[in-house]
>>> print(open('upload-v7.cif').read())   # mmCIF, C-alpha atoms and all ligand atoms
data_final
#
loop_
_atom_site.group_PDB
_atom_site.id
_atom_site.type_symbol
_atom_site.label_atom_id
_atom_site.label_comp_id
_atom_site.auth_asym_id
_atom_site.auth_seq_id
_atom_site.Cartn_x
_atom_site.Cartn_y
_atom_site.Cartn_z
ATOM 1 C CA MET A 45 99.602 118.761 106.535
ATOM 2 C CA ALA A 46 98.245 115.709 104.827
ATOM 3 C CA GLU A 47 95.360 116.067 102.431
ATOM 4 C CA ILE A 48 92.291 114.395 103.929
ATOM 5 C CA VAL A 49 89.832 112.758 101.551
ATOM 6 C CA ILE A 50 86.574 111.640 103.157
ATOM 7 C CA VAL A 51 84.582 109.154 101.098
ATOM 8 C CA ALA A 52 81.370 107.226 101.679
ATOM 9 C CA ASP A 53 82.853 103.784 102.158
ATOM 10 C CA ALA A 54 85.824 101.492 101.633
ATOM 11 C CA ALA A 55 84.862 100.716 98.028
ATOM 12 C CA ALA A 56 84.883 104.424 97.143
ATOM 13 C CA ALA A 57 88.297 104.773 98.776
ATOM 14 C CA GLY A 58 89.561 101.791 96.818
ATOM 15 C CA ALA A 59 88.384 103.414 93.589
ATOM 16 C CA VAL A 60 90.036 106.796 94.318
ATOM 17 C CA VAL A 61 93.375 105.257 95.262
ATOM 18 C CA ALA A 62 93.359 102.649 92.477
ATOM 19 C CA ASP A 63 92.743 105.481 89.967
ATOM 20 C CA GLU A 64 95.846 107.229 91.271
ATOM 21 C CA ILE A 65 97.983 104.077 91.119
ATOM 22 C CA ALA A 66 96.800 103.337 87.586
ATOM 23 C CA ARG A 67 97.628 106.920 86.578
ATOM 24 C CA LEU A 68 101.114 106.506 88.054
ATOM 25 C CA VAL A 69 101.792 103.183 86.327
ATOM 26 C CA ARG A 70 100.551 104.474 82.973
ATOM 27 C CA SER A 71 102.851 107.492 83.119
ATOM 28 C CA GLN A 72 105.756 105.608 84.688
ATOM 29 C CA PRO A 73 105.817 101.920 83.694
ATOM 30 C CA ASP A 74 108.716 101.185 86.073
ATOM 31 C CA ALA A 75 106.926 102.731 89.078
ATOM 32 C CA VAL A 76 107.860 101.435 92.512
ATOM 33 C CA LEU A 77 104.791 100.687 94.637
ATOM 34 C CA GLY A 78 104.929 100.466 98.418
ATOM 35 C CA LEU A 79 102.544 97.674 99.388
ATOM 36 C CA ALA A 80 100.663 97.361 102.661
ATOM 37 C CA THR A 81 98.959 94.330 104.147
ATOM 38 C CA GLY A 82 96.070 93.950 106.577
ATOM 39 C CA SER A 83 92.426 94.308 105.581
ATOM 40 C CA THR A 84 92.551 98.031 104.785
ATOM 41 C CA PRO A 85 94.290 98.012 101.368
ATOM 42 C CA VAL A 86 92.108 95.153 100.074
ATOM 43 C CA PRO A 87 89.569 97.463 98.328
ATOM 44 C CA VAL A 88 92.454 99.165 96.510
ATOM 45 C CA TYR A 89 93.867 95.853 95.322
ATOM 46 C CA ALA A 90 90.375 94.705 94.320
ATOM 47 C CA ALA A 91 89.840 97.842 92.218
ATOM 48 C CA LEU A 92 93.190 97.708 90.443
ATOM 49 C CA PRO A 93 92.951 94.841 87.918
ATOM 50 C CA SER A 94 90.169 96.472 85.880
ATOM 51 C CA ARG A 95 92.042 99.806 85.844
ATOM 52 C CA LEU A 96 95.297 98.195 84.768
ATOM 53 C CA ALA A 97 93.757 95.981 82.075
ATOM 54 C CA GLY A 98 95.858 96.392 78.953
ATOM 55 C CA VAL A 99 98.566 98.357 80.793
ATOM 56 C CA ASP A 100 102.083 96.918 80.683
ATOM 57 C CA VAL A 101 102.977 96.109 84.314
ATOM 58 C CA SER A 102 106.024 93.987 83.534
ATOM 59 C CA ARG A 103 108.404 96.647 84.877
ATOM 60 C CA VAL A 104 106.427 97.669 87.966
ATOM 61 C CA ARG A 105 108.281 97.009 91.210
ATOM 62 C CA GLY A 106 106.783 96.458 94.650
ATOM 63 C CA PHE A 107 108.090 96.560 98.206
ATOM 64 C CA ALA A 108 106.056 95.354 101.156
ATOM 65 C CA LEU A 109 106.183 97.287 104.391
ATOM 66 C CA ASP A 110 106.740 94.466 106.795
ATOM 67 C CA GLU A 111 106.755 90.755 107.623
ATOM 68 C CA TYR A 112 106.419 88.520 110.654
ATOM 69 C CA VAL A 113 109.658 87.073 111.985
ATOM 70 C CA GLY A 114 109.960 83.309 112.170
ATOM 71 C CA LEU A 115 106.736 82.540 110.283
ATOM 72 C CA ASP A 116 107.167 80.119 107.384
ATOM 73 C CA PRO A 117 106.952 82.243 104.184
ATOM 74 C CA ASP A 118 104.541 79.615 102.846
ATOM 75 C CA HIS A 119 102.186 80.117 105.817
ATOM 76 C CA PRO A 120 98.974 81.607 104.345
ATOM 77 C CA GLU A 121 99.229 84.623 106.685
ATOM 78 C CA SER A 122 102.877 85.442 106.076
ATOM 79 C CA TYR A 123 102.936 88.825 104.375
ATOM 80 C CA ARG A 124 104.864 87.192 101.515
ATOM 81 C CA SER A 125 101.840 84.913 100.940
ATOM 82 C CA VAL A 126 99.349 87.763 101.363
ATOM 83 C CA ILE A 127 101.163 90.002 98.870
ATOM 84 C CA THR A 128 101.443 87.131 96.374
ATOM 85 C CA ARG A 129 97.740 86.281 96.709
ATOM 86 C CA GLU A 130 96.289 89.801 96.813
ATOM 87 C CA VAL A 131 98.651 91.781 94.619
ATOM 88 C CA VAL A 132 101.187 89.862 92.543
ATOM 89 C CA GLU A 133 98.854 87.238 91.099
ATOM 90 C CA PRO A 134 95.733 89.350 90.426
ATOM 91 C CA LEU A 135 97.756 92.166 88.846
ATOM 92 C CA GLY A 136 100.090 89.866 86.954
ATOM 93 C CA LEU A 137 103.216 91.481 88.424
ATOM 94 C CA ASP A 138 106.606 89.853 88.000
ATOM 95 C CA PRO A 139 107.196 88.069 91.354
ATOM 96 C CA GLU A 140 110.934 88.706 90.970
ATOM 97 C CA ARG A 141 110.241 92.437 91.112
ATOM 98 C CA VAL A 142 108.176 92.332 94.305
ATOM 99 C CA SER A 143 110.094 92.236 97.587
ATOM 100 C CA VAL A 144 109.001 91.481 101.128
ATOM 101 C CA PRO A 145 111.361 91.839 104.105
ATOM 102 C CA ASP A 146 112.943 88.492 104.912
ATOM 103 C CA GLY A 147 111.589 87.374 108.269
ATOM 104 C CA SER A 148 113.359 84.029 108.372
ATOM 105 C CA LEU A 149 115.515 83.556 111.455
ATOM 106 C CA ASN A 150 118.515 82.623 109.347
ATOM 107 C CA GLY A 151 120.151 85.966 108.498
ATOM 108 C CA ILE A 152 117.629 88.132 110.368
ATOM 109 C CA GLU A 153 120.492 90.240 111.794
ATOM 110 C CA HIS A 154 121.238 91.728 108.361
ATOM 111 C CA ALA A 155 117.789 91.444 106.756
ATOM 112 C CA GLY A 156 116.925 95.077 107.585
ATOM 113 C CA ASP A 157 120.083 96.483 106.015
ATOM 114 C CA ASP A 158 119.587 94.260 102.955
ATOM 115 C CA TYR A 159 116.060 95.599 102.517
ATOM 116 C CA GLU A 160 117.159 99.212 102.850
ATOM 117 C CA ARG A 161 119.793 98.627 100.160
ATOM 118 C CA ALA A 162 117.244 97.021 97.833
ATOM 119 C CA LEU A 163 114.904 99.992 98.276
ATOM 120 C CA VAL A 164 117.659 102.474 97.483
ATOM 121 C CA ASP A 165 118.852 100.416 94.491
ATOM 122 C CA ALA A 166 115.292 100.441 93.113
ATOM 123 C CA GLY A 167 115.262 104.241 93.263
ATOM 124 C CA GLY A 168 112.875 104.499 96.216
ATOM 125 C CA VAL A 169 109.133 104.102 96.490
ATOM 126 C CA ASP A 170 106.890 106.294 94.306
ATOM 127 C CA LEU A 171 103.601 105.648 96.101
ATOM 128 C CA GLN A 172 103.408 104.042 99.528
ATOM 129 C CA LEU A 173 100.111 102.558 100.701
ATOM 130 C CA LEU A 174 99.626 102.578 104.463
ATOM 131 C CA GLY A 175 97.035 101.253 106.872
ATOM 132 C CA ILE A 176 96.977 102.323 110.496
ATOM 133 C CA GLY A 177 96.818 100.195 113.639
ATOM 134 C CA THR A 178 94.382 101.051 116.404
ATOM 135 C CA ASP A 179 97.397 102.218 118.439
ATOM 136 C CA GLY A 180 98.523 104.473 115.594
ATOM 137 C CA HIS A 181 101.219 102.204 114.169
ATOM 138 C CA ILE A 182 102.148 102.236 110.499
ATOM 139 C CA GLY A 183 103.930 99.263 108.997
ATOM 140 C CA PHE A 184 104.723 97.557 112.275
ATOM 141 C CA ASN A 185 106.237 100.675 113.859
ATOM 142 C CA GLU A 186 104.726 100.480 117.288
ATOM 143 C CA PRO A 187 104.437 103.531 119.601
ATOM 144 C CA GLY A 188 107.877 104.810 120.534
ATOM 145 C CA SER A 189 109.432 104.094 117.137
ATOM 146 C CA SER A 190 112.000 106.675 116.101
ATOM 147 C CA PHE A 191 111.069 108.956 113.219
ATOM 148 C CA ALA A 192 114.539 108.218 111.847
ATOM 149 C CA SER A 193 114.166 104.434 112.095
ATOM 150 C CA LEU A 194 115.042 102.191 109.172
ATOM 151 C CA THR A 195 114.017 98.598 108.409
ATOM 152 C CA ARG A 196 114.606 96.519 111.529
ATOM 153 C CA VAL A 197 113.188 93.899 113.856
ATOM 154 C CA LYS A 198 110.527 95.082 116.307
ATOM 155 C CA THR A 199 108.470 93.482 119.060
ATOM 156 C CA LEU A 200 104.713 93.575 118.494
ATOM 157 C CA THR A 201 102.502 94.976 121.233
ATOM 158 C CA ARG A 202 99.892 92.756 122.818
ATOM 159 C CA GLN A 203 97.254 95.027 121.240
ATOM 160 C CA THR A 204 98.592 94.471 117.718
ATOM 161 C CA ARG A 205 98.826 90.722 118.280
ATOM 162 C CA GLU A 206 95.208 90.704 119.479
ATOM 163 C CA ASP A 207 94.111 92.836 116.514
ATOM 164 C CA ASN A 208 95.835 90.434 114.111
ATOM 165 C CA ALA A 209 94.702 87.252 115.887
ATOM 166 C CA ARG A 210 91.716 87.089 113.520
ATOM 167 C CA PHE A 211 94.085 85.943 110.780
ATOM 168 C CA PHE A 212 95.384 83.063 112.930
ATOM 169 C CA ASP A 213 93.819 80.272 115.011
ATOM 170 C CA SER A 214 94.548 82.128 118.252
ATOM 171 C CA VAL A 215 96.478 85.118 119.581
ATOM 172 C CA GLU A 216 99.202 82.741 120.734
ATOM 173 C CA ASP A 217 99.873 81.835 117.092
ATOM 174 C CA VAL A 218 100.585 85.474 116.150
ATOM 175 C CA PRO A 219 104.365 85.915 116.053
ATOM 176 C CA ARG A 220 105.882 88.186 118.709
ATOM 177 C CA HIS A 221 108.406 89.818 116.386
ATOM 178 C CA CYS A 222 108.304 91.429 112.999
ATOM 179 C CA ILE A 223 110.626 93.119 110.560
ATOM 180 C CA THR A 224 109.313 96.448 109.331
ATOM 181 C CA GLN A 225 110.354 99.410 107.266
ATOM 182 C CA GLY A 226 111.113 102.207 109.715
ATOM 183 C CA LEU A 227 109.374 105.551 109.900
ATOM 184 C CA GLY A 228 112.472 107.067 108.299
ATOM 185 C CA THR A 229 112.184 104.550 105.459
ATOM 186 C CA ILE A 230 108.495 105.262 104.948
ATOM 187 C CA LEU A 231 109.048 109.036 104.962
ATOM 188 C CA ARG A 232 111.451 108.665 102.000
ATOM 189 C CA ALA A 233 108.625 107.483 99.726
ATOM 190 C CA ARG A 234 107.553 110.213 97.310
ATOM 191 C CA HIS A 235 103.818 109.969 98.029
ATOM 192 C CA LEU A 236 102.196 108.484 101.123
ATOM 193 C CA VAL A 237 98.594 107.271 100.912
ATOM 194 C CA LEU A 238 97.159 106.229 104.257
ATOM 195 C CA LEU A 239 93.757 104.548 104.340
ATOM 196 C CA ALA A 240 91.501 103.839 107.293
ATOM 197 C CA PHE A 241 87.967 102.523 107.622
ATOM 198 C CA GLY A 242 85.545 102.131 110.495
ATOM 199 C CA LYS A 243 84.912 103.751 113.840
ATOM 200 C CA GLY A 244 87.641 101.646 115.425
ATOM 201 C CA LYS A 245 90.242 103.703 113.557
ATOM 202 C CA ALA A 246 88.691 107.155 114.158
ATOM 203 C CA GLU A 247 90.703 108.019 117.241
ATOM 204 C CA ALA A 248 94.023 106.961 115.706
ATOM 205 C CA VAL A 249 93.263 108.866 112.479
ATOM 206 C CA ALA A 250 92.390 112.091 114.319
ATOM 207 C CA ALA A 251 95.501 111.817 116.469
ATOM 208 C CA ALA A 252 97.702 111.106 113.437
ATOM 209 C CA VAL A 253 96.378 113.991 111.372
ATOM 210 C CA GLU A 254 95.417 116.674 113.876
ATOM 211 C CA GLY A 255 97.313 115.740 117.027
ATOM 212 C CA PRO A 256 100.889 116.491 117.974
ATOM 213 C CA VAL A 257 103.720 114.933 115.987
ATOM 214 C CA THR A 258 105.002 112.359 118.423
ATOM 215 C CA ALA A 259 106.760 109.010 118.406
ATOM 216 C CA SER A 260 103.994 107.860 120.762
ATOM 217 C CA LEU A 261 101.661 107.958 117.748
ATOM 218 C CA PRO A 262 103.856 106.723 114.873
ATOM 219 C CA ALA A 263 101.361 107.627 112.121
ATOM 220 C CA SER A 264 101.704 111.300 113.116
ATOM 221 C CA ALA A 265 105.014 111.107 111.210
ATOM 222 C CA ILE A 266 102.996 111.639 108.023
ATOM 223 C CA GLN A 267 102.566 115.298 109.077
ATOM 224 C CA LEU A 268 106.273 115.696 108.268
ATOM 225 C CA HIS A 269 105.822 114.485 104.696
ATOM 226 C CA PRO A 270 105.370 116.996 101.853
ATOM 227 C CA HIS A 271 102.922 114.790 99.926
ATOM 228 C CA ALA A 272 100.697 112.702 102.155
ATOM 229 C CA THR A 273 97.086 111.773 101.416
ATOM 230 C CA VAL A 274 94.721 110.254 103.960
ATOM 231 C CA VAL A 275 91.652 108.509 102.541
ATOM 232 C CA VAL A 276 89.019 107.610 105.117
ATOM 233 C CA ASP A 277 85.381 106.594 105.221
ATOM 234 C CA GLU A 278 82.843 108.609 107.220
ATOM 235 C CA ALA A 279 83.231 106.394 110.303
ATOM 236 C CA ALA A 280 87.030 106.696 110.404
ATOM 237 C CA ALA A 281 86.646 110.462 109.860
ATOM 238 C CA SER A 282 84.171 110.865 112.718
ATOM 239 C CA ASP A 283 86.685 112.169 115.283
ATOM 240 C CA LEU A 284 88.259 114.761 112.962
ATOM 241 C CA ARG A 285 87.859 118.345 114.128
ATOM 242 C CA PHE A 286 88.047 119.944 110.701
ATOM 243 C CA GLY A 287 86.101 117.358 108.683
ATOM 244 C CA ASP A 288 83.900 119.948 106.982
ATOM 245 C CA TYR A 289 86.943 121.882 105.782
ATOM 246 C CA TYR A 290 88.528 118.719 104.347
ATOM 247 C CA ARG A 291 85.305 117.901 102.486
ATOM 248 C CA TYR A 292 85.092 121.438 101.106
ATOM 249 C CA THR A 293 88.742 121.424 100.066
ATOM 250 C CA PHE A 294 88.504 118.100 98.234
ATOM 251 C CA ALA A 295 85.215 119.025 96.544
ATOM 252 C CA ASN A 296 86.893 122.155 95.144
ATOM 253 C CA LYS A 297 90.193 120.568 94.177
ATOM 254 C CA PRO A 298 91.262 121.088 90.565
ATOM 255 C CA ALA A 299 90.982 117.738 88.761
ATOM 256 C CA TRP A 300 94.459 118.080 87.190
ATOM 257 C CA GLN A 301 96.109 117.807 90.596
ATOM 258 C CA GLY A 302 95.180 114.165 91.085
ATOM 259 C CA LEU A 303 95.554 112.849 94.616
HETATM 260 C C1 LIG A 401 99.098 95.300 110.634
HETATM 261 C C2 LIG A 401 99.995 95.728 109.494
HETATM 262 C C3 LIG A 401 99.823 97.202 109.197
HETATM 263 C C4 LIG A 401 98.351 97.514 109.071
HETATM 264 C C5 LIG A 401 97.658 97.240 110.372
HETATM 265 C C6 LIG A 401 96.173 97.531 110.331
HETATM 266 O O1 LIG A 401 99.650 95.538 111.876
HETATM 267 N N1 LIG A 401 101.373 95.462 109.740
HETATM 268 O O2 LIG A 401 100.526 97.513 107.995
HETATM 269 O O3 LIG A 401 98.188 98.853 108.716
HETATM 270 O O4 LIG A 401 97.812 95.859 110.653
HETATM 271 O O5 LIG A 401 95.495 96.409 109.875
HETATM 272 P P1 LIG A 401 94.075 96.403 109.219
HETATM 273 O O6 LIG A 401 94.229 97.106 107.925
HETATM 274 O O7 LIG A 401 93.747 94.961 109.028
HETATM 275 O O8 LIG A 401 93.187 97.105 110.156
#
>>> encode(input="upload-v7.cif", output="structure tokens")
Amino acid sequence: MAEIVIVADAAAAGAVVADEIARLVRSQPDAVLGLATGSTPVPVYAALPSRLAGVDVSRVRGFALDEYVGLDPDHPESYRSVITREVVEPLGLDPERVSVPDGSLNGIEHAGDDYERALVDAGGVDLQLLGIGTDGHIGFNEPGSSFASLTRVKTLTRQTREDNARFFDSVEDVPRHCITQGLGTILRARHLVLLAFGKGKAEAVAAAVEGPVTASLPASAIQLHPHATVVVDEAAASDLRFGDYYRYTFANKPAWQGL
């Protein structure tokens, strides 16, 4: 199963995960990072610049998980804009080496296949950051998504549109469709790091980690991955059955293993 790391708060989670990313980039300057959006990865991105100071990041590659369909890429809440603002610019990455699925309507029918090809050509993702939706989605793979799915267009649930309405003027402004890496795509990454904070995520986290593996809870797919790490704060961990065991395990983990 996934390794569960329970930390005090989001800042502590950001520090643990940023340490791991910095370690990866130092040892592998052409590392391929899988980038997530939403509020959850923000503490990781905030903790990274100081850890990567003086490290050559010119060869680092990045692939975003998903994008809204039909939203102008220059819209401040397009995932292209978010990744540029929160990751590419602060870390000084080469924008040419950071890809986001193309959600423009022109060519949308082959955008998924194009993205899959680009991922394969880059050698695959070394470390994939993931958030989790309150309905257990990862990327934008809503409940019912196939575990074998690849990058494709999906329809957002009402719940996800309501959850994401805070980034827009109203829920009606949240696009109805998205293009997202599939669960099959995500499972190909060499290391999955899922983060979750707050009581609102506790039920989804417990179901993903300790519940049955089911397409009805897409994040449960991480149980199939040989190297998955789940980093949660105390509130997001509050529904876990074996929380004490996870704390004990992490406290006694040999330092050389990293995350
Ligand atoms: C969106 C993103 C997901 C993210 C989820 C949770 O739906 N497509 O990648 O994990 O929101 O968002 P937040 O981290 O803001 O709670």
>>> residues_near_ligand(input="upload-v7.cif", ligand="ligand LIG 401 (chain A)", cutoff="6 Å", atoms="only C-alpha atoms and all ligand atoms", output="list in words")
Ala80, Thr81, Gly82, Ser83, Thr84, Leu174, Gly175, Ile176, Gly177, Ile182, Gly183 and Phe184 of chain A
>>> write_last_selection(input="upload-v7.cif", atoms="C-alpha atoms", output="PDB file, in the coordinates of the input")
ATOM      1  CA  ALA A  80     100.663  97.361 102.661  1.00  0.00           C
ATOM      2  CA  THR A  81      98.959  94.330 104.147  1.00  0.00           C
ATOM      3  CA  GLY A  82      96.070  93.950 106.577  1.00  0.00           C
ATOM      4  CA  SER A  83      92.426  94.308 105.581  1.00  0.00           C
ATOM      5  CA  THR A  84      92.551  98.031 104.785  1.00  0.00           C
ATOM      6  CA  LEU A 174      99.626 102.578 104.463  1.00  0.00           C
ATOM      7  CA  GLY A 175      97.035 101.253 106.872  1.00  0.00           C
ATOM      8  CA  ILE A 176      96.977 102.323 110.496  1.00  0.00           C
ATOM      9  CA  GLY A 177      96.818 100.195 113.639  1.00  0.00           C
ATOM     10  CA  ILE A 182     102.148 102.236 110.499  1.00  0.00           C
ATOM     11  CA  GLY A 183     103.930  99.263 108.997  1.00  0.00           C
ATOM     12  CA  PHE A 184     104.723  97.557 112.275  1.00  0.00           C
TER      13      PHE A 184
END
>>> resolve_selection(input="upload-v7.cif", expression="the PyMOL selection byres (((chain A and resi 98-103) around 8) and not hetatm)", output="PyMOL selection string")
chain A and resi 69-70+73-75+96-97+104-105+135-138+141
>>> residues_around(input="upload-v7.cif", residues="segment 113-129 of chain A", least_positions_apart="2", cutoff="6 Å", atoms="all atoms listed in the file", output="list in words")
Glu111, Val131, Val132, Glu133, Val144, Gly147, Ser148, Leu149, His221 and Cys222 of chain A
>>> residues_near_point(input="upload-v7.cif", point="(89.8, 112.4, 105.5)", cutoff="6 Å", atoms="only C-alpha atoms", output="ChimeraX atom specification")
/A:48-50,274-276,281
>>> closest_atom_pairs(input="upload-v7.cif", of="segment 133-175 of chain A", to="segment 228-246 of chain A", cutoff="6 Å", atoms="all atoms listed in the file", output="tab-separated table")
residue	atom	partner	partner_atom	distance
A:Val169	CA	A:Ala233	CA	4.7
A:Asp170	CA	A:Arg234	CA	5.0
A:Leu171	CA	A:His235	CA	4.7
A:Gln172	CA	A:Leu236	CA	4.9
A:Leu173	CA	A:Val237	CA	5.0
A:Leu174	CA	A:Leu238	CA	4.4
A:Gly175	CA	A:Leu239	CA	5.3
>>> write_last_selection(input="upload-v7.cif", atoms="C-alpha atoms", output="PDB file, in the coordinates of the input")
ATOM      1  CA  VAL A 169     109.133 104.102  96.490  1.00  0.00           C
ATOM      2  CA  ASP A 170     106.890 106.294  94.306  1.00  0.00           C
ATOM      3  CA  LEU A 171     103.601 105.648  96.101  1.00  0.00           C
ATOM      4  CA  GLN A 172     103.408 104.042  99.528  1.00  0.00           C
ATOM      5  CA  LEU A 173     100.111 102.558 100.701  1.00  0.00           C
ATOM      6  CA  LEU A 174      99.626 102.578 104.463  1.00  0.00           C
ATOM      7  CA  GLY A 175      97.035 101.253 106.872  1.00  0.00           C
TER       8      GLY A 175
END
>>> resolve_selection(input="upload-v7.cif", expression="the PyMOL selection byres (((chain A and resi 266) around 10) and not hetatm)", output="PDB file with C-alpha atoms, in the frame of the given file")
ATOM      1  CA  MET A  45      99.602 118.761 106.535  1.00  0.00           C
ATOM      2  CA  ALA A  46      98.245 115.709 104.827  1.00  0.00           C
ATOM      3  CA  ILE A 182     102.148 102.236 110.499  1.00  0.00           C
ATOM      4  CA  PHE A 191     111.069 108.956 113.219  1.00  0.00           C
ATOM      5  CA  LEU A 227     109.374 105.551 109.900  1.00  0.00           C
ATOM      6  CA  ILE A 230     108.495 105.262 104.948  1.00  0.00           C
ATOM      7  CA  LEU A 231     109.048 109.036 104.962  1.00  0.00           C
ATOM      8  CA  LEU A 236     102.196 108.484 101.123  1.00  0.00           C
ATOM      9  CA  VAL A 237      98.594 107.271 100.912  1.00  0.00           C
ATOM     10  CA  LEU A 238      97.159 106.229 104.257  1.00  0.00           C
ATOM     11  CA  ALA A 252      97.702 111.106 113.437  1.00  0.00           C
ATOM     12  CA  VAL A 253      96.378 113.991 111.372  1.00  0.00           C
ATOM     13  CA  VAL A 257     103.720 114.933 115.987  1.00  0.00           C
ATOM     14  CA  PRO A 262     103.856 106.723 114.873  1.00  0.00           C
ATOM     15  CA  ALA A 263     101.361 107.627 112.121  1.00  0.00           C
ATOM     16  CA  SER A 264     101.704 111.300 113.116  1.00  0.00           C
ATOM     17  CA  ALA A 265     105.014 111.107 111.210  1.00  0.00           C
ATOM     18  CA  GLN A 267     102.566 115.298 109.077  1.00  0.00           C
ATOM     19  CA  LEU A 268     106.273 115.696 108.268  1.00  0.00           C
ATOM     20  CA  HIS A 269     105.822 114.485 104.696  1.00  0.00           C
ATOM     21  CA  PRO A 270     105.370 116.996 101.853  1.00  0.00           C
ATOM     22  CA  HIS A 271     102.922 114.790  99.926  1.00  0.00           C
ATOM     23  CA  ALA A 272     100.697 112.702 102.155  1.00  0.00           C
ATOM     24  CA  THR A 273      97.086 111.773 101.416  1.00  0.00           C
ATOM     25  CA  VAL A 274      94.721 110.254 103.960  1.00  0.00           C
TER      26      VAL A 274
END
>>> resolve_selection(input="upload-v7.cif", expression="the PyMOL selection byres (((chain A and resi 204) around 12) and not hetatm)", output="PyMOL selection string")
chain A and resi 82+176-187+199-203+205-211+215+218-222
>>> write_last_selection(input="upload-v7.cif", atoms="C-alpha atoms", output="PDB file, in the frame of the given file")
ATOM      1  CA  GLY A  82      96.070  93.950 106.577  1.00  0.00           C
ATOM      2  CA  ILE A 176      96.977 102.323 110.496  1.00  0.00           C
ATOM      3  CA  GLY A 177      96.818 100.195 113.639  1.00  0.00           C
ATOM      4  CA  THR A 178      94.382 101.051 116.404  1.00  0.00           C
ATOM      5  CA  ASP A 179      97.397 102.218 118.439  1.00  0.00           C
ATOM      6  CA  GLY A 180      98.523 104.473 115.594  1.00  0.00           C
ATOM      7  CA  HIS A 181     101.219 102.204 114.169  1.00  0.00           C
ATOM      8  CA  ILE A 182     102.148 102.236 110.499  1.00  0.00           C
ATOM      9  CA  GLY A 183     103.930  99.263 108.997  1.00  0.00           C
ATOM     10  CA  PHE A 184     104.723  97.557 112.275  1.00  0.00           C
ATOM     11  CA  ASN A 185     106.237 100.675 113.859  1.00  0.00           C
ATOM     12  CA  GLU A 186     104.726 100.480 117.288  1.00  0.00           C
ATOM     13  CA  PRO A 187     104.437 103.531 119.601  1.00  0.00           C
ATOM     14  CA  THR A 199     108.470  93.482 119.060  1.00  0.00           C
ATOM     15  CA  LEU A 200     104.713  93.575 118.494  1.00  0.00           C
ATOM     16  CA  THR A 201     102.502  94.976 121.233  1.00  0.00           C
ATOM     17  CA  ARG A 202      99.892  92.756 122.818  1.00  0.00           C
ATOM     18  CA  GLN A 203      97.254  95.027 121.240  1.00  0.00           C
ATOM     19  CA  ARG A 205      98.826  90.722 118.280  1.00  0.00           C
ATOM     20  CA  GLU A 206      95.208  90.704 119.479  1.00  0.00           C
ATOM     21  CA  ASP A 207      94.111  92.836 116.514  1.00  0.00           C
ATOM     22  CA  ASN A 208      95.835  90.434 114.111  1.00  0.00           C
ATOM     23  CA  ALA A 209      94.702  87.252 115.887  1.00  0.00           C
ATOM     24  CA  ARG A 210      91.716  87.089 113.520  1.00  0.00           C
ATOM     25  CA  PHE A 211      94.085  85.943 110.780  1.00  0.00           C
ATOM     26  CA  VAL A 215      96.478  85.118 119.581  1.00  0.00           C
ATOM     27  CA  VAL A 218     100.585  85.474 116.150  1.00  0.00           C
ATOM     28  CA  PRO A 219     104.365  85.915 116.053  1.00  0.00           C
ATOM     29  CA  ARG A 220     105.882  88.186 118.709  1.00  0.00           C
ATOM     30  CA  HIS A 221     108.406  89.818 116.386  1.00  0.00           C
ATOM     31  CA  CYS A 222     108.304  91.429 112.999  1.00  0.00           C
TER      32      CYS A 222
END
>>> atom_distance(input="upload-v7.cif", atom1="atom CA of Leu77 of chain A", atom2="atom CA of Phe294 of chain A")
24.1 Å
>>> atom_distance(input="upload-v7.cif", atom1="atom CA of Leu303 of chain A", atom2="atom CA of Leu68 of chain A")
10.7 Å
>>> atom_distance(input="upload-v7.cif", atom1="atom CA of Glu247 of chain A", atom2="atom CA of Ser189 of chain A")
19.1 Å
>>> axis_aligned_box(input="upload-v7.cif", around="segment 278-282 of chain A", padding_each_side="8 Å", output="lines of an AutoDock Vina configuration file")
center_x = 84.9
center_y = 108.6
center_z = 110.0
size_x = 20.2
size_y = 20.5
size_z = 21.5
>>> decode(input="upload-v7.cif", residues="segment 118-133 of chain A", atoms="C-alpha atoms", output="short mmCIF file (atom, residue, chain, number, x, y, z; two decimals), in the first residue's frame")
data_model
loop_
_atom_site.label_atom_id
_atom_site.label_comp_id
_atom_site.auth_asym_id
_atom_site.auth_seq_id
_atom_site.Cartn_x
_atom_site.Cartn_y
_atom_site.Cartn_z
CA ASP A 118 -4.41 33.39 -20.89
CA HIS A 119 -7.33 33.28 -18.42
CA PRO A 120 -5.75 33.60 -14.94
CA GLU A 121 -7.38 30.33 -13.83
CA SER A 122 -6.42 28.22 -16.83
CA TYR A 123 -4.04 25.57 -15.54
CA ARG A 124 -1.49 26.83 -18.09
CA SER A 125 -1.57 30.22 -16.31
CA VAL A 126 -1.52 28.64 -12.84
CA ILE A 127 1.49 26.45 -13.66
CA THR A 128 3.33 29.41 -15.20
CA ARG A 129 2.62 31.62 -12.18
CA GLU A 130 3.18 29.08 -9.39
CA VAL A 131 5.87 26.82 -10.80
CA VAL A 132 7.63 27.92 -13.99
CA GLU A 133 8.36 31.52 -13.01
#
